[in-house]
Amino acid sequence: MAQDAHPTDTGWQSVTVADLLAEPLLRNTLVAGADGVTRAVRWCLPLSELDDSDGPGEPGTAVHAAAAALRDEAGAALVERVAAAGAVALLVRLTPEDLAGPEPLPTLFPQARGAADAAALPLALLPPSAGYRTVSQLVATKVLAQTTHVLEYSDRVHRSLGEILARGAGISPLAYGMARMGEAPVVVVDAEGAVLAVEATAATGRPAVEPVAAALARYLETVSGGPLPHGAEVLETVADVVPIVAAVTFGGEVNGLVAVLEPRDADPHDRAQRRIVAQEGATLIGSEMLRLRSMTEAEERTRGDFVVDLVHGRFADGGQLQARARHHGFAVDGAYAVHVAELDPPISDDPRAVRRFNAAARAVERLDPDGAAPTLATQVGGNLVVVRPAADPSDAATVRDQAGAVRRVLRERLGSDARVAYGRVGTGARGVAASYREARTALALGRRVDVPPVAGYDDLRIFVALQDLADSENGRTFAAEMLAPLRRADGHARSLESVVTAYIAESGNLNAAARRLGLHRNTTLYKLDRVSRVLGMDIRSADTQFMIWLAHHIDTLSQVTDSLDAELAPPP
């Protein structure tokens with residue numbers, strides 16, 4: 001993904017060997033190794049200190065040596081040793097005797113020159129006046145001056161962007177400020193690769209966003225979860241631009257990328273400046289992203305608390321409902337249906353996963369942007385709860401389509417399957433609480449009976465019809481009396497109960513029931529005979545089958561109802 005190191009990429013930010021040799025004292029002294037003059041120089045050491053060191057030396061070291069070390073065959077060995085130590089240049093101080101003969105430089109140290117060319121190690125023959133102290137002071141002065149220049153530019157970029165940040169204008173104005181200073185388009189993406197801003201000046205024009213965003217998403221995969229990247233990196237050319245990318249980091253993780261898109265034939269000086277623009281911009285955009293995240297999370301908590309209180313029916317005070325409803329755009333006399341989505345697998349507690357879940361909830365809220373009232377969505381107990389306005393309370397097909405749309409968004413955003421249940425349309429806060437209870441009932445029943453992944457309370461018609469019976473003392477007593485003998489005979493296995501329910505589900509077909517249970521036909525027959533003995537009734541009788549079926553459904557609905565009652569009960 002990243003380009004190979006460009007020797008000129010850091011030319012503006014660092015002093016190169018070529019810059020050093022352009023100084024009047026060292027001008028026209030290079031005699032070999034010209035291929036290495038683009039390397040950066042940080043300091044100068046005498047040859048004696050290189051001799052005392054073990055292993056590779058510090059990067060960016062220029063070595064100062066006396067001419068005596070390069071004479072005859074020893075010169076080539078010295079050059080090879082200096083190159084192996086990682087030095088970027090060999091600066092050799094000549095003696096007056098070396099300069100006494102006619103045209104001495106073209107013929108001096110031929111072995112050393114050949115070795116320097118082979119190693120791409122710049123070899124410069126300095127005049128006698130260029131002693132170690134003089135050369136080392138020259139290197140230090142140039143490096144310090146260049147570092148100061150870089151810091152001054154970095155400070156100017158930081159102050160300019162800091163003024164935009166202080167106004168709280170947002171990410172797009174910060175990106176535009178970067179585009180103006182870097183004279184190149186700027187793209188900002190979040191931790192998921194979603195584009196947050198694309199800004200360009202009139203002179204540069206807007207880039208092709210899609211291929212750039214795809215390249216940044218691939219780069220995100222390489223840096224997410226690993227060591228935090230530092231500085232700016234130059235990526236491969238994409239759509240005729242070269243992205244200079246800096247990571248937005250806070251909280252110990254990568255939370256996005258800032259990319260300055262320069263032309264492929266950009267000047268090295270401009271590239272170095274754009275690196276600084278990308279680095280400083282990533283820092284300040286990170287601050288803005290953190291501020292916006294804090295505001296978003298606070299708003300999500302407020303909205304979530306309102307939805308939780310709404311679906312749990314906790315608004316005993318109409319005035320309190322009115323005040324909070326106005327803030328969230330909830331119409332107190334409007335018609336609403338509640339959808340509850342259960343993810344498979346469930347959402348984890350990882351902060352990144354929670355943020356993705358919240359982003360999916362916001363996407364669900366935007367499904368119907370032209371609605372008269374906003375959709376409210378939040379997480380309740382690991383499930384996504386969606387309170388959606390219903391333009392036509394009698395239009396059940398639209399409510400079902402909306403539930404299907406919720407499921408599609410969750411699958412696209414989270415890559416997880418989901419079961420979505422919904423209640424009937426209700427009016428106001430009481431109607432929302434009733435619809436939520438129905439949706440939760442349908443969701444719980446969906447785990448116990450065979451229903452589609454998107455199902456409404458009305459789809460479970462038999463349970464709806466039995467609701468009053470399941471809530472009555474007579475109904476519960478009947479279910480307990482019918483099922484208790486089977487459960488006593490089973491212990492904890494409940495194999496007899498599962499056999500008889502499978503038999504009833506297959507309309508009394510013994511072979512089909514055996515296939516459903518994965519049992520041998522004779523084993524199934526034996527268990528059914530045992531059921532008849534335990535109940536004292538013939539299980540082949542239609543009346544007996546109906547009573548067991550009815551008791552099983554009442555018991556299932558009672559368990560779901562009791563669980564919801566315990567969960568939705570007001571706090572003590």
# chains A, B, ... in the order shown; residues from 1 in each chain; ligands from 1
>>> closest_atom_pairs(of="segment 170-214 of chain A", to="segment 352-364 of chain A", cutoff="12 Å", atoms="only C-alpha atoms", output="CSV")
residue,atom,partner,partner_atom,distance
A:Asp190,CA,A:Arg356,CA,11.3
A:Ala191,CA,A:Arg352,CA,9.0
A:Glu192,CA,A:Arg356,CA,8.3
A:Gly193,CA,A:Arg356,CA,11.9
A:Ala194,CA,A:Ala359,CA,11.0
>>> residues_around(residues="segment 262-266 of chain A", least_positions_apart="6", cutoff="7 Å", atoms="only C-alpha atoms", output="list in words")
Ala184, Thr237, Asp240, Val241, Val242 and Pro243 of chain A
>>> select_by_dssp(residues="segment 102-237 of chain A", states="alpha helix (DSSP H)", output="JSON, numbers by chain")
{"A": [110, 111, 112, 113, 114, 115, 116, 117, 118, 119, 132, 133, 134, 135, 136, 137, 138, 139, 140, 141, 142, 143, 144, 145, 146, 147, 148, 149, 150, 151, 152, 153, 154, 155, 156, 157, 158, 159, 160, 161, 162, 163, 164, 165, 166, 171, 172, 173, 174, 175, 176, 177, 178, 179, 180, 181, 182, 209, 210, 211, 212, 213, 214, 215, 216, 217, 218, 219, 220, 221, 222, 223]}
>>> atom_distance(atom1="atom CA of Asp459 of chain A", atom2="atom CA of Gly423 of chain A")
9.9 Å
>>> residues_around(residues="Ala421 of chain A", least_positions_apart="4", cutoff="8 Å", atoms="only C-alpha atoms", output="MDAnalysis selection string")
chainID A and resid 339:341 403 439:440 442:443 453:457
>>> residues_around(residues="Ser541 of chain A", least_positions_apart="4", cutoff="12 Å", atoms="only C-alpha atoms", output="ChimeraX atom specification")
/A:503-504,507-508,528,532,536-537,545-548
>>> closest_residue(among="A:Val186, A:Ala68, A:Leu486, A:Leu519", to="Leu108 of chain A", atoms="only C-alpha atoms")
A:Ala68
>>> select_by_dssp(residues="segment 275-474 of chain A", states="strand (DSSP E)", output="PyMOL selection string")
chain A and resi 335-344+376-380+383-389+417-422+426-427+454-456
>>> residues_around(residues="Leu94 of chain A", least_positions_apart="2", cutoff="8 Å", atoms="only C-alpha atoms", output="list in words")
Ala66, Ala67, Val92, Pro96, Asp98, Leu99, Leu125, Leu126, Pro127 and Pro128 of chain A
>>> residues_around(residues="segment 385-388 of chain A", least_positions_apart="5", cutoff="6 Å", atoms="only C-alpha atoms", output="PyMOL selection string")
chain A and resi 336-340+375-378
>>> write_last_selection(atoms="N, CA, C and O atoms", output="tab-separated table (two decimals), in the first residue's frame")
chain	number	residue	atom	x	y	z
A	336	TYR	N	-47.76	5.28	16.45
A	336	TYR	CA	-46.43	4.69	16.37
A	336	TYR	C	-46.52	3.17	16.43
A	336	TYR	O	-47.42	2.61	17.07
A	337	ALA	N	-45.54	2.53	15.77
A	337	ALA	CA	-45.34	1.09	15.91
A	337	ALA	C	-43.91	0.88	16.40
A	337	ALA	O	-42.99	1.60	15.99
A	338	VAL	N	-43.73	-0.09	17.27
A	338	VAL	CA	-42.41	-0.36	17.84
A	338	VAL	C	-41.85	-1.64	17.22
A	338	VAL	O	-42.54	-2.66	17.15
A	339	HIS	N	-40.59	-1.56	16.76
A	339	HIS	CA	-39.86	-2.72	16.24
A	339	HIS	C	-38.74	-3.06	17.22
A	339	HIS	O	-38.09	-2.16	17.74
A	340	VAL	N	-38.52	-4.33	17.44
A	340	VAL	CA	-37.43	-4.79	18.29
A	340	VAL	C	-36.60	-5.78	17.47
A	340	VAL	O	-37.12	-6.78	16.98
A	375	THR	N	-38.02	9.15	13.57
A	375	THR	CA	-37.91	7.80	14.12
A	375	THR	C	-36.89	7.84	15.25
A	375	THR	O	-35.85	8.49	15.14
A	376	LEU	N	-37.17	7.15	16.34
A	376	LEU	CA	-36.27	7.09	17.49
A	376	LEU	C	-35.78	5.65	17.64
A	376	LEU	O	-36.57	4.71	17.61
A	377	ALA	N	-34.46	5.49	17.77
A	377	ALA	CA	-33.87	4.15	17.90
A	377	ALA	C	-32.80	4.17	18.98
A	377	ALA	O	-32.03	5.12	19.08
A	378	THR	N	-32.76	3.11	19.77
A	378	THR	CA	-31.73	2.99	20.80
A	378	THR	C	-31.56	1.53	21.17
A	378	THR	O	-32.36	0.67	20.78
>>> closest_residue(among="A:Asp417, A:His553, A:Asp72, A:Ala513", to="Leu460 of chain A", atoms="only C-alpha atoms")
A:His553
>>> residues_around(residues="Leu469 of chain A", least_positions_apart="5", cutoff="12 Å", atoms="only C-alpha atoms", output="number ranges by chain")
A: 462-464, 474-479, 550-551, 553-555, 557-558, 561
>>> atom_distance(atom1="atom CA of Tyr422 of chain A", atom2="atom CA of Arg400 of chain A")
7.9 Å
>>> atom_distance(atom1="atom CA of Ala397 of chain A", atom2="atom CA of Val380 of chain A")
25.6 Å
>>> closest_atom_pairs(of="segment 77-126 of chain A", to="segment 25-40 of chain A", cutoff="7 Å", atoms="only C-alpha atoms", output="Markdown table")
| residue | atom | partner | partner_atom | distance |
| --- | --- | --- | --- | --- |
| A:Val88 | CA | A:Arg39 | CA | 6.4 |
| A:Arg113 | CA | A:Ala32 | CA | 5.4 |
| A:Ala116 | CA | A:Gly33 | CA | 5.0 |
| A:Asp117 | CA | A:Gly33 | CA | 4.2 |
| A:Ala120 | CA | A:Gly33 | CA | 4.4 |
| A:Leu121 | CA | A:Gly33 | CA | 4.6 |
| A:Pro122 | CA | A:Gly33 | CA | 4.0 |
| A:Leu123 | CA | A:Ala32 | CA | 5.1 |
| A:Ala124 | CA | A:Leu30 | CA | 4.2 |
| A:Leu125 | CA | A:Thr29 | CA | 5.2 |
| A:Leu126 | CA | A:Thr29 | CA | 6.0 |
